[in-house]
Amino acid sequence: MSLTTLQSVDDKFELYTNYRASCSSRLRIALNLKNITPSYRYIDILDDEQYGAIYSRINPSCSVPTLIIASPDGTTLKITQSISALAYLEEAYPGLYPLLPKSIRARATVRSLVAIIACDTQPVAKLRVLKNIDTMGGDSLSYARKMIMEGLKAYEITITECAGKYSVGNDLSLADVCLVPAIWGAEMFGVDLEELPTIKRVYDHISGLPEVQKAHWKRQDDTPMELRE
Ligand SMILES: N[C@@H](CCC(=O)N[C@@H](CS)C(=O)NCC(=O)O)C(=O)O
């Protein structure tokens with residue numbers, strides 16, 4: 001048995017999450033693909049629990065997710081950023097459903113796509129930004145739709161060159177892990193995906209995977225009953 005397999009069996013994972021948070025969904029999908037089952041801790045971001053005394057000490061950015069890994073030697077690692085957590089999982093358990101391609105050129109493309117979602121799109125349309133726009137009397141819904149569409153268009157143009165079954169070639173990668181929750185968010189805001197044919201084709205393919213279905217925001221233990229599927 002390889003060391004990586006042993007690590008995956010022996011480490012204990014705790015994921016602070018929220019059903020509708022796309023950044024948490026990235027981790028739920030990646031952990032499902034790697035067949036790692038964490039203990040879930042639910043943070044109600046609609047009720048500002050992320051700013052509460054307890055959680056703000058766990059994650060000083062007052063956001064989800066937070067991934068905590070406890071190893072059998074008694075050491076604990078806390079990761080407070082989703083992309084850092086995804087990178088850690090790739091590096092610590094390379095044998096478990098690799099989500100980075102072998103080619104360093106393809107890896108660069110995957111990382112560009114991850115950044116389009118995680119740096120250029122989600123941060124400008126996150127809950128606290130939209131709440132501030134509302135407070136200032138703006139139209140947060142139109143703003144969110146516009147920013148999400150701009151980000152997804154950049155993703156669409158980029159993958160037109162490199163998509164196969166998935167965003168980059170025929171292997172599922174971290175780009176897809178970030179794309180899927182972005183599409184769930186886009187759907188919540190009523191963004192029309194018909195303008196994004198390559199994304200739609202890739203998304204339709206990925207969304208059928210059982211690991212992705214299980215991570216869907218409508219199927220989490222903290223999903224309100226009226227929104228569950
Ligand atoms: N860069 C952070 C962003 C985390 C983030 O923005 N999380 C959102 C949910 S997707 C959140 O907690 N929002 C609560 C808020 O905006 O107050 C990461 O990738 O982990």
# chains A, B, ... in the order shown; residues from 1 in each chain; ligands from 1
$ residues_near_ligand --ligand "ligand 1" --cutoff "8 Å" --atoms "only C-alpha atoms and all ligand atoms" --output "PyMOL selection string"
chain A and resi 18+20-24+45-46+48+50-51+61-66+80-84+118-119+122-123+126-129
$ residues_around --residues "region 176-180 of chain A" --least-positions-apart "5" --cutoff "7 Å" --atoms "only C-alpha atoms" --output "list in words"
Arg26, Ile29, Ala30, Val114, Ile117, Tyr166, Ser167 and Tyr203 of chain A
$ write_last_selection --atoms "C-alpha atoms" --output "compact mmCIF listing (two decimals), in the first residue's frame"
# COMPACT_ATOMS: atom_id res chain seq x y z
CA ARG A 26 -15.52 23.17 -5.06
CA ILE A 29 -16.85 17.97 -5.44
CA ALA A 30 -13.07 17.41 -5.11
CA VAL A 114 -9.40 28.27 -12.09
CA ILE A 117 -13.58 31.67 -11.74
CA TYR A 166 -14.13 18.46 -20.04
CA SER A 167 -12.78 22.04 -19.93
CA TYR A 203 -21.30 21.26 -17.78
$ closest_residue --among "A:Ala215, A:Met149, A:Val202, A:Cys162" --to "Arg107 (chain A)" --atoms "only C-alpha atoms"
A:Cys162
$ closest_atom_pairs --of "region 24-100 of chain A" --to "region 110-113 of chain A" --cutoff "12 Å" --atoms "only C-alpha atoms" --output "CSV"
residue,atom,partner,partner_atom,distance
A:Ile83,CA,A:Arg111,CA,10.1
A:Leu86,CA,A:Arg111,CA,11.6
A:Ala87,CA,A:Arg111,CA,10.5
A:Leu99,CA,A:Val110,CA,9.4
A:Leu100,CA,A:Val110,CA,7.4
$ write_last_selection --atoms "N, CA, C and O atoms" --output "short mmCIF file (atom, residue, chain, number, x, y, z; two decimals), in the first residue's frame"
data_model
loop_
_atom_site.label_atom_id
_atom_site.label_comp_id
_atom_site.auth_asym_id
_atom_site.auth_seq_id
_atom_site.Cartn_x
_atom_site.Cartn_y
_atom_site.Cartn_z
N ILE A 83 -8.86 27.46 -2.93
CA ILE A 83 -7.90 27.04 -3.96
C ILE A 83 -6.65 26.44 -3.29
O ILE A 83 -6.07 25.46 -3.80
N LEU A 86 -7.68 22.94 -2.40
CA LEU A 86 -7.66 22.05 -3.58
C LEU A 86 -6.23 21.68 -3.95
O LEU A 86 -5.93 20.52 -4.26
N ALA A 87 -5.32 22.67 -3.88
CA ALA A 87 -3.92 22.41 -4.22
C ALA A 87 -3.31 21.43 -3.22
O ALA A 87 -2.56 20.51 -3.60
N LEU A 99 -6.47 15.71 -10.31
CA LEU A 99 -7.28 16.76 -10.94
C LEU A 99 -6.42 17.79 -11.65
O LEU A 99 -6.89 18.86 -12.00
N LEU A 100 -5.14 17.46 -11.83
CA LEU A 100 -4.26 18.29 -12.67
C LEU A 100 -3.70 17.40 -13.78
O LEU A 100 -3.30 16.25 -13.52
#
$ select_by_dssp --residues "region 104-146 of chain A" --states "alpha helix (DSSP H)" --output "ChimeraX atom specification"
/A:104-115,127-135,140-146
$ write_last_selection --atoms "C-alpha atoms" --output "compact mmCIF listing (two decimals), in the first residue's frame"
# COMPACT_ATOMS: atom_id res chain seq x y z
CA ILE A 104 2.68 21.38 -17.59
CA ARG A 105 1.18 23.32 -20.51
CA ALA A 106 -2.25 21.86 -19.86
CA ARG A 107 -1.74 22.57 -16.14
CA ALA A 108 -1.13 26.24 -16.94
CA THR A 109 -4.42 26.35 -18.85
CA VAL A 110 -6.25 24.63 -15.98
CA ARG A 111 -4.83 27.20 -13.54
CA SER A 112 -5.86 30.10 -15.80
CA LEU A 113 -9.40 28.74 -15.87
CA VAL A 114 -9.40 28.27 -12.09
CA ALA A 115 -8.31 31.91 -11.73
CA LEU A 127 -22.68 37.71 -0.90
CA ARG A 128 -21.04 40.58 1.03
CA VAL A 129 -20.45 42.56 -2.16
CA LEU A 130 -24.08 42.15 -3.21
CA LYS A 131 -25.29 43.11 0.29
CA ASN A 132 -23.17 46.28 0.13
CA ILE A 133 -24.60 47.14 -3.29
CA ASP A 134 -28.11 46.73 -1.84
CA THR A 135 -27.21 48.91 1.14
CA SER A 140 -27.37 43.84 -6.93
CA LEU A 141 -29.19 41.27 -9.07
CA SER A 142 -28.40 42.98 -12.40
CA TYR A 143 -24.86 43.62 -11.21
CA ALA A 144 -24.34 39.95 -10.25
CA ARG A 145 -25.74 38.72 -13.58
CA LYS A 146 -23.44 41.08 -15.51
$ closest_residue --among "A:Met225, A:Val124, A:Ile54, A:Leu152" --to "Pro181 (chain A)" --atoms "only C-alpha atoms"
A:Leu152
$ closest_residue --among "A:Thr198, A:Pro210, A:Ile183, A:Gly138" --to "Glu161 (chain A)" --atoms "only C-alpha atoms"
A:Thr198
$ closest_residue --among "A:Lys102, A:His216, A:Arg201, A:Arg57" --to "Gly185 (chain A)" --atoms "only C-alpha atoms"
A:His216
$ residues_around --residues "Lys214 (chain A)" --least-positions-apart "4" --cutoff "9 Å" --atoms "only C-alpha atoms" --output "PyMOL selection string"
chain A and resi 28-29+32+209-210+219-220
$ atom_distance --atom1 "CA of Tyr93 (chain A)" --atom2 "CA of Thr158 (chain A)"
28.5 Å
$ atom_distance --atom1 "CA of Ile116 (chain A)" --atom2 "CA of Gly151 (chain A)"
6.4 Å
$ residues_around --residues "Asp11 (chain A)" --least-positions-apart "5" --cutoff "8 Å" --atoms "only C-alpha atoms" --output "PyMOL selection string"
chain A and resi 69-72
$ select_by_dssp --residues "region 3-210 of chain A" --states "strand (DSSP E)" --output "list in words"
Lys12, Phe13, Glu14, Leu15, Tyr16, Thr17, Ser39, Tyr40, Arg41, Tyr42, Thr66, Leu67, Ile68, Ile69, Ala70, Thr76, Leu77, Lys78 and Ile79 of chain A
$ residues_around --residues "region 194-197 of chain A" --least-positions-apart "6" --cutoff "9 Å" --atoms "only C-alpha atoms" --output "NGL selection string"
:A and (152-153 or 156-157)
$ closest_residue --among "A:Gly169, A:Gly95, A:Pro101, A:Gly164" --to "Lys34 (chain A)" --atoms "only C-alpha atoms"
A:Gly95
$ atom_distance --atom1 "CA of Tyr16 (chain A)" --atom2 "CA of Ile43 (chain A)"
6.6 Å
$ closest_residue --among "A:Thr37, A:Ile148, A:Asp73, A:Leu31" --to "Gly190 (chain A)" --atoms "only C-alpha atoms"
A:Ile148
